[in-house]
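As stored in protein08.pdb (PDB, C-alpha atoms):
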```
ATOM      1  CA  MET A   1       0.000   0.000   0.000
ATOM      2  CA  LYS A   2       2.836   2.410   0.858
ATOM      3  CA  ILE A   3       4.562   1.687  -2.459
ATOM      4  CA  ALA A   4       1.358   2.396  -4.422
ATOM      5  CA  LEU A   5       0.855   5.671  -2.541
ATOM      6  CA  TYR A   6       4.486   6.624  -3.180
ATOM      7  CA  ILE A   7       4.152   5.883  -6.919
ATOM      8  CA  ILE A   8       0.932   7.909  -7.161
ATOM      9  CA  THR A   9       2.588  10.829  -5.333
ATOM     10  CA  VAL A  10       5.640  10.770  -7.629
ATOM     11  CA  ILE A  11       3.465  10.605 -10.749
ATOM     12  CA  SER A  12       1.336  13.490  -9.456
ATOM     13  CA  LEU A  13       4.450  15.602  -8.898
ATOM     14  CA  PHE A  14       5.708  14.940 -12.425
ATOM     15  CA  VAL A  15       2.341  15.772 -13.971
ATOM     16  CA  SER A  16       1.892  18.976 -11.963
ATOM     17  CA  ALA A  17       5.483  20.060 -12.676
ATOM     18  CA  ALA A  18       5.007  19.461 -16.397
ATOM     19  CA  CYS A  19       1.691  21.335 -16.455
ATOM     20  CA  SER A  20       2.971  24.293 -14.464
ATOM     21  CA  ASN A  21       5.848  24.871 -16.912
ATOM     22  CA  LEU A  22       3.669  24.992 -20.007
ATOM     23  CA  PHE A  23       3.322  28.455 -21.464
ATOM     24  CA  SER A  24       0.560  28.500 -24.040
ATOM     25  CA  GLU A  25      -0.509  30.755 -26.874
ATOM     26  CA  SER A  26      -3.443  31.980 -24.782
ATOM     27  CA  ASP A  27      -1.057  32.797 -21.903
ATOM     28  CA  ALA A  28       1.083  34.844 -24.304
ATOM     29  CA  VAL A  29      -1.939  36.859 -25.433
ATOM     30  CA  LYS A  30      -3.124  37.334 -21.850
ATOM     31  CA  TYR A  31       0.338  38.587 -20.776
ATOM     32  CA  THR A  32       0.523  40.935 -23.780
ATOM     33  CA  LEU A  33      -2.911  42.449 -23.215
ATOM     34  CA  ALA A  34      -2.062  42.997 -19.541
ATOM     35  CA  LYS A  35       1.243  44.649 -20.509
ATOM     36  CA  ILE A  36      -0.252  47.095 -23.019
ATOM     37  CA  HIS A  37      -2.309  48.662 -20.244
ATOM     38  CA  GLU A  38       0.976  49.561 -18.512
ATOM     39  CA  LEU A  39       2.399  51.272 -21.602
ATOM     40  CA  ASP A  40       1.861  54.972 -22.119
ATOM     41  CA  ASP A  41       0.343  54.461 -25.561
ATOM     42  CA  PRO A  42      -3.197  55.795 -26.005
ATOM     43  CA  HIS A  43      -3.572  53.981 -29.337
ATOM     44  CA  LEU A  44      -3.317  50.609 -27.590
ATOM     45  CA  ASN A  45      -6.242  51.337 -25.254
ATOM     46  CA  ILE A  46      -8.648  49.227 -27.253
ATOM     47  CA  ASP A  47     -10.179  45.793 -26.901
ATOM     48  CA  PHE A  48      -8.083  43.499 -29.103
ATOM     49  CA  PRO A  49      -9.228  39.872 -29.476
ATOM     50  CA  LYS A  50      -8.221  37.753 -26.478
ATOM     51  CA  ARG A  51      -6.892  34.998 -28.771
ATOM     52  CA  ASN A  52      -5.491  34.528 -32.247
ATOM     53  CA  GLY A  53      -8.096  36.108 -34.532
ATOM     54  CA  THR A  54      -9.864  39.212 -35.807
ATOM     55  CA  ARG A  55     -12.931  41.199 -34.883
ATOM     56  CA  THR A  56     -14.477  44.249 -36.520
ATOM     57  CA  VAL A  57     -16.107  47.195 -34.764
ATOM     58  CA  LYS A  58     -17.791  50.283 -36.212
ATOM     59  CA  VAL A  59     -16.146  53.475 -34.928
ATOM     60  CA  THR A  60     -16.505  57.211 -35.443
ATOM     61  CA  ILE A  61     -13.366  58.781 -36.863
ATOM     62  CA  GLY A  62     -14.391  62.425 -36.971
ATOM     63  CA  GLY A  63     -14.829  64.913 -39.695
ATOM     64  CA  MET A  64     -17.594  67.445 -40.200
ATOM     65  CA  TYR A  65     -20.212  64.752 -40.781
ATOM     66  CA  GLY A  66     -19.055  62.287 -38.130
ATOM     67  CA  ASN A  67     -17.419  59.831 -40.511
ATOM     68  CA  THR A  68     -17.445  56.198 -39.437
ATOM     69  CA  THR A  69     -15.413  53.185 -40.476
ATOM     70  CA  SER A  70     -15.119  49.494 -39.745
ATOM     71  CA  LEU A  71     -12.052  49.110 -37.547
ATOM     72  CA  LYS A  72     -10.527  45.639 -37.874
ATOM     73  CA  LEU A  73      -8.648  44.506 -34.755
ATOM     74  CA  THR A  74      -6.355  41.513 -35.126
ATOM     75  CA  THR A  75      -4.362  39.527 -32.603
ATOM     76  CA  SER A  76      -1.791  37.292 -34.260
ATOM     77  CA  VAL A  77       0.306  34.795 -32.289
ATOM     78  CA  LYS A  78       3.329  32.916 -33.601
ATOM     79  CA  LEU A  79       5.396  30.355 -31.659
ATOM     80  CA  ILE A  80       9.087  31.307 -31.818
ATOM     81  CA  ASP A  81      10.463  28.469 -29.699
ATOM     82  CA  LYS A  82       9.329  26.194 -26.879
ATOM     83  CA  GLU A  83       7.974  28.929 -24.590
ATOM     84  CA  THR A  84       8.493  32.147 -26.549
ATOM     85  CA  TYR A  85       5.825  33.752 -28.693
ATOM     86  CA  GLU A  86       5.571  36.732 -30.982
ATOM     87  CA  VAL A  87       2.253  38.516 -30.481
ATOM     88  CA  THR A  88       1.228  41.120 -33.053
ATOM     89  CA  LEU A  89      -1.647  43.547 -32.516
ATOM     90  CA  ILE A  90      -2.987  45.199 -35.673
ATOM     91  CA  LYS A  91      -5.481  48.045 -36.110
ATOM     92  CA  ASP A  92      -6.705  48.375 -39.677
ATOM     93  CA  TRP A  93      -8.881  51.476 -39.873
ATOM     94  CA  ASN A  94     -10.103  50.616 -43.372
ATOM     95  CA  TYR A  95      -9.434  54.235 -44.252
ATOM     96  CA  LYS A  96      -6.954  56.278 -46.297
ATOM     97  CA  VAL A  97      -5.582  59.707 -45.462
ATOM     98  CA  ASN A  98      -3.648  61.392 -48.269
ATOM     99  CA  ASP A  99      -3.487  58.028 -50.091
ATOM    100  CA  ILE A 100      -1.916  56.330 -47.046
ATOM    101  CA  ARG A 101      -3.814  53.392 -45.544
ATOM    102  CA  VAL A 102      -4.203  53.855 -41.821
ATOM    103  CA  ILE A 103      -2.923  50.570 -40.397
ATOM    104  CA  SER A 104      -1.034  50.415 -37.120
ATOM    105  CA  PHE A 105       0.728  47.453 -35.554
ATOM    106  CA  TRP A 106       2.729  46.506 -32.462
ATOM    107  CA  VAL A 107       4.899  43.377 -32.231
ATOM    108  CA  PHE A 108       5.805  41.879 -28.849
ATOM    109  CA  LYS A 109       8.151  39.088 -27.814
ATOM    110  CA  VAL A 110       6.442  37.226 -24.980
ATOM    111  CA  THR A 111       7.857  34.738 -22.494
ATOM    112  CA  GLN A 112       6.545  33.567 -19.167
ATOM    113  CA  SER A 113       8.638  36.218 -17.419
ATOM    114  CA  ASN A 114       8.686  39.132 -19.861
ATOM    115  CA  VAL A 115       6.767  41.051 -22.526
ATOM    116  CA  THR A 116       8.974  43.193 -24.766
ATOM    117  CA  LEU A 117       7.855  45.573 -27.499
ATOM    118  CA  LEU A 118      10.030  44.685 -30.520
ATOM    119  CA  ARG A 119       8.693  47.138 -33.085
ATOM    120  CA  LYS A 120       5.696  49.231 -33.966
ATOM    121  CA  ASP A 121       4.285  51.308 -36.782
ATOM    122  CA  ASP A 122       1.577  53.567 -35.384
ATOM    123  CA  LYS A 123      -0.321  55.504 -38.039
ATOM    124  CA  ASP A 124      -3.365  56.323 -35.879
ATOM    125  CA  ASP A 125      -2.409  60.009 -35.739
ATOM    126  CA  LEU A 126      -3.149  60.322 -39.472
ATOM    127  CA  LEU A 127      -6.823  60.301 -38.532
ATOM    128  CA  ALA A 128      -6.361  63.704 -36.898
ATOM    129  CA  ALA A 129      -6.146  65.136 -40.446
ATOM    130  CA  ILE A 130      -9.842  64.340 -40.962
ATOM    131  CA  GLY A 131     -11.620  67.602 -40.484
TER     132      GLY A 131
END
```
Could you take the file, read its structure, and then write that structure out as structure tokens?
Amino acid sequence: MKIALYIITVISLFVSAACSNLFSESDAVKYTLAKIHELDDPHLNIDFPKRNGTRTVKVTIGGMYGNTTSLKLTTSVKLIDKETYEVTLIKDWNYKVNDIRVISFWVFKVTQSNVTLLRKDDKDDLLAAIG
């Protein structure tokens, strides 16, 4: 009986250790979305999808007549290695200003212990030209 209890305990420890070290795609997105609220970037204060995917919302973008557009928000997750992900957040305003498409993106490297902004191209300020 003691041997069976010992074996069950050892197996339980291995299983819980293996499960606690797994860092999933959904964890990477969750860490990234938590991190962007700490950044001083007003253009990231928006509700991106909580997992790999896209959603579209209708938004007012200004102008004399209260122009609206369909803003496409995309969260893209790519596995880099065992427990490192690249999470990309994209805002496609479906709008052009001076023949420039207004698309902004932020790319993060995400591990269990760190979220790092690798690069960004923020064109949201072009919308200020709409008058």
message: Between atom CA of Lys91 of chain A and atom CA of Lys78 of chain A, what is the distance in Å, rounded to a tenth?
response: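 Atom-to-atom, atom CA of Lys91 of chain A to atom CA of Lys78 of chain A, that is 17.7 Å.
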Give me the residues within 8 Å of Leu89 of chain A as a compact mmCIF listing (two decimals) with C-alpha atoms, keeping the file's coordinate frame, counting all atoms listed in the file and dropping any in the same chain fewer than 3 places off.
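Just written: around24.txt:
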```
# COMPACT_ATOMS: atom_id res chain seq x y z
CA PHE A 48 -8.08 43.50 -29.10
CA LEU A 73 -8.65 44.51 -34.76
CA THR A 74 -6.36 41.51 -35.13
CA THR A 75 -4.36 39.53 -32.60
CA SER A 76 -1.79 37.29 -34.26
CA PHE A 105 0.73 47.45 -35.55
CA TRP A 106 2.73 46.51 -32.46
CA VAL A 107 4.90 43.38 -32.23
```
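Across the structure, atom CA of Ser24 of chain A and atom CA of Val115 of chain A are spaced 14.1 Å apart.
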- prompt: Selected by the PyMOL selection byres ((chain A and resi 25) around 12) in the shown coordinates: which residues, as an NGL selection string?
  reply: :A and (22-24 or 26-32 or 50-52 or 75-87 or 110-112)
message: Just to confirm, what's the straight-line distance from atom CA of Val57 of chain A to atom CA of Glu38 of chain A in Å (one decimal)?
response: 23.7 Å
- prompt: Smallest atom-to-atom distance to Lys58 of chain A: which of A:Leu71, A:Leu117, A:Val97, A:Ile90, using only C-alpha atoms?
  reply: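 Looking at the shortest contact to Lys58 of chain A, the residue is A:Leu71.
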field: Counting all atoms listed in the file, the residue of A:Tyr65, A:Thr88, A:Asn45, A:Val102 that sits nearest Leu118 of chain A
entry: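 Looking at the shortest contact to Leu118 of chain A, the residue is A:Thr88.
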Let me have the centre and edge lengths in Å, one decimal, of the box along x, y and z around every listed atom of segment 95-108 of chain A with 4 Å of margin on each side, as JSON.
```
{"center_x": -1.8, "center_y": 51.6, "center_z": -39.5, "size_x": 23.2, "size_y": 27.5, "size_z": 29.2}
```
task: Please provide the set of residues having any atom within 10 Å of Ser70 of chain A, restricted to only C-alpha atoms, with same-chain residues fewer than 5 positions apart removed, written as a PyMOL selection string.
output: chain A and resi 55-61+92-95
- prompt: Pick the closest to Ala128 of chain A from A:Lys109, A:Asp99, A:Gly62, A:Thr68: which is it, counting all atoms listed in the file?
  reply: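 Using all atoms listed in the file, the shortest distance to Ala128 of chain A belongs to A:Gly62.
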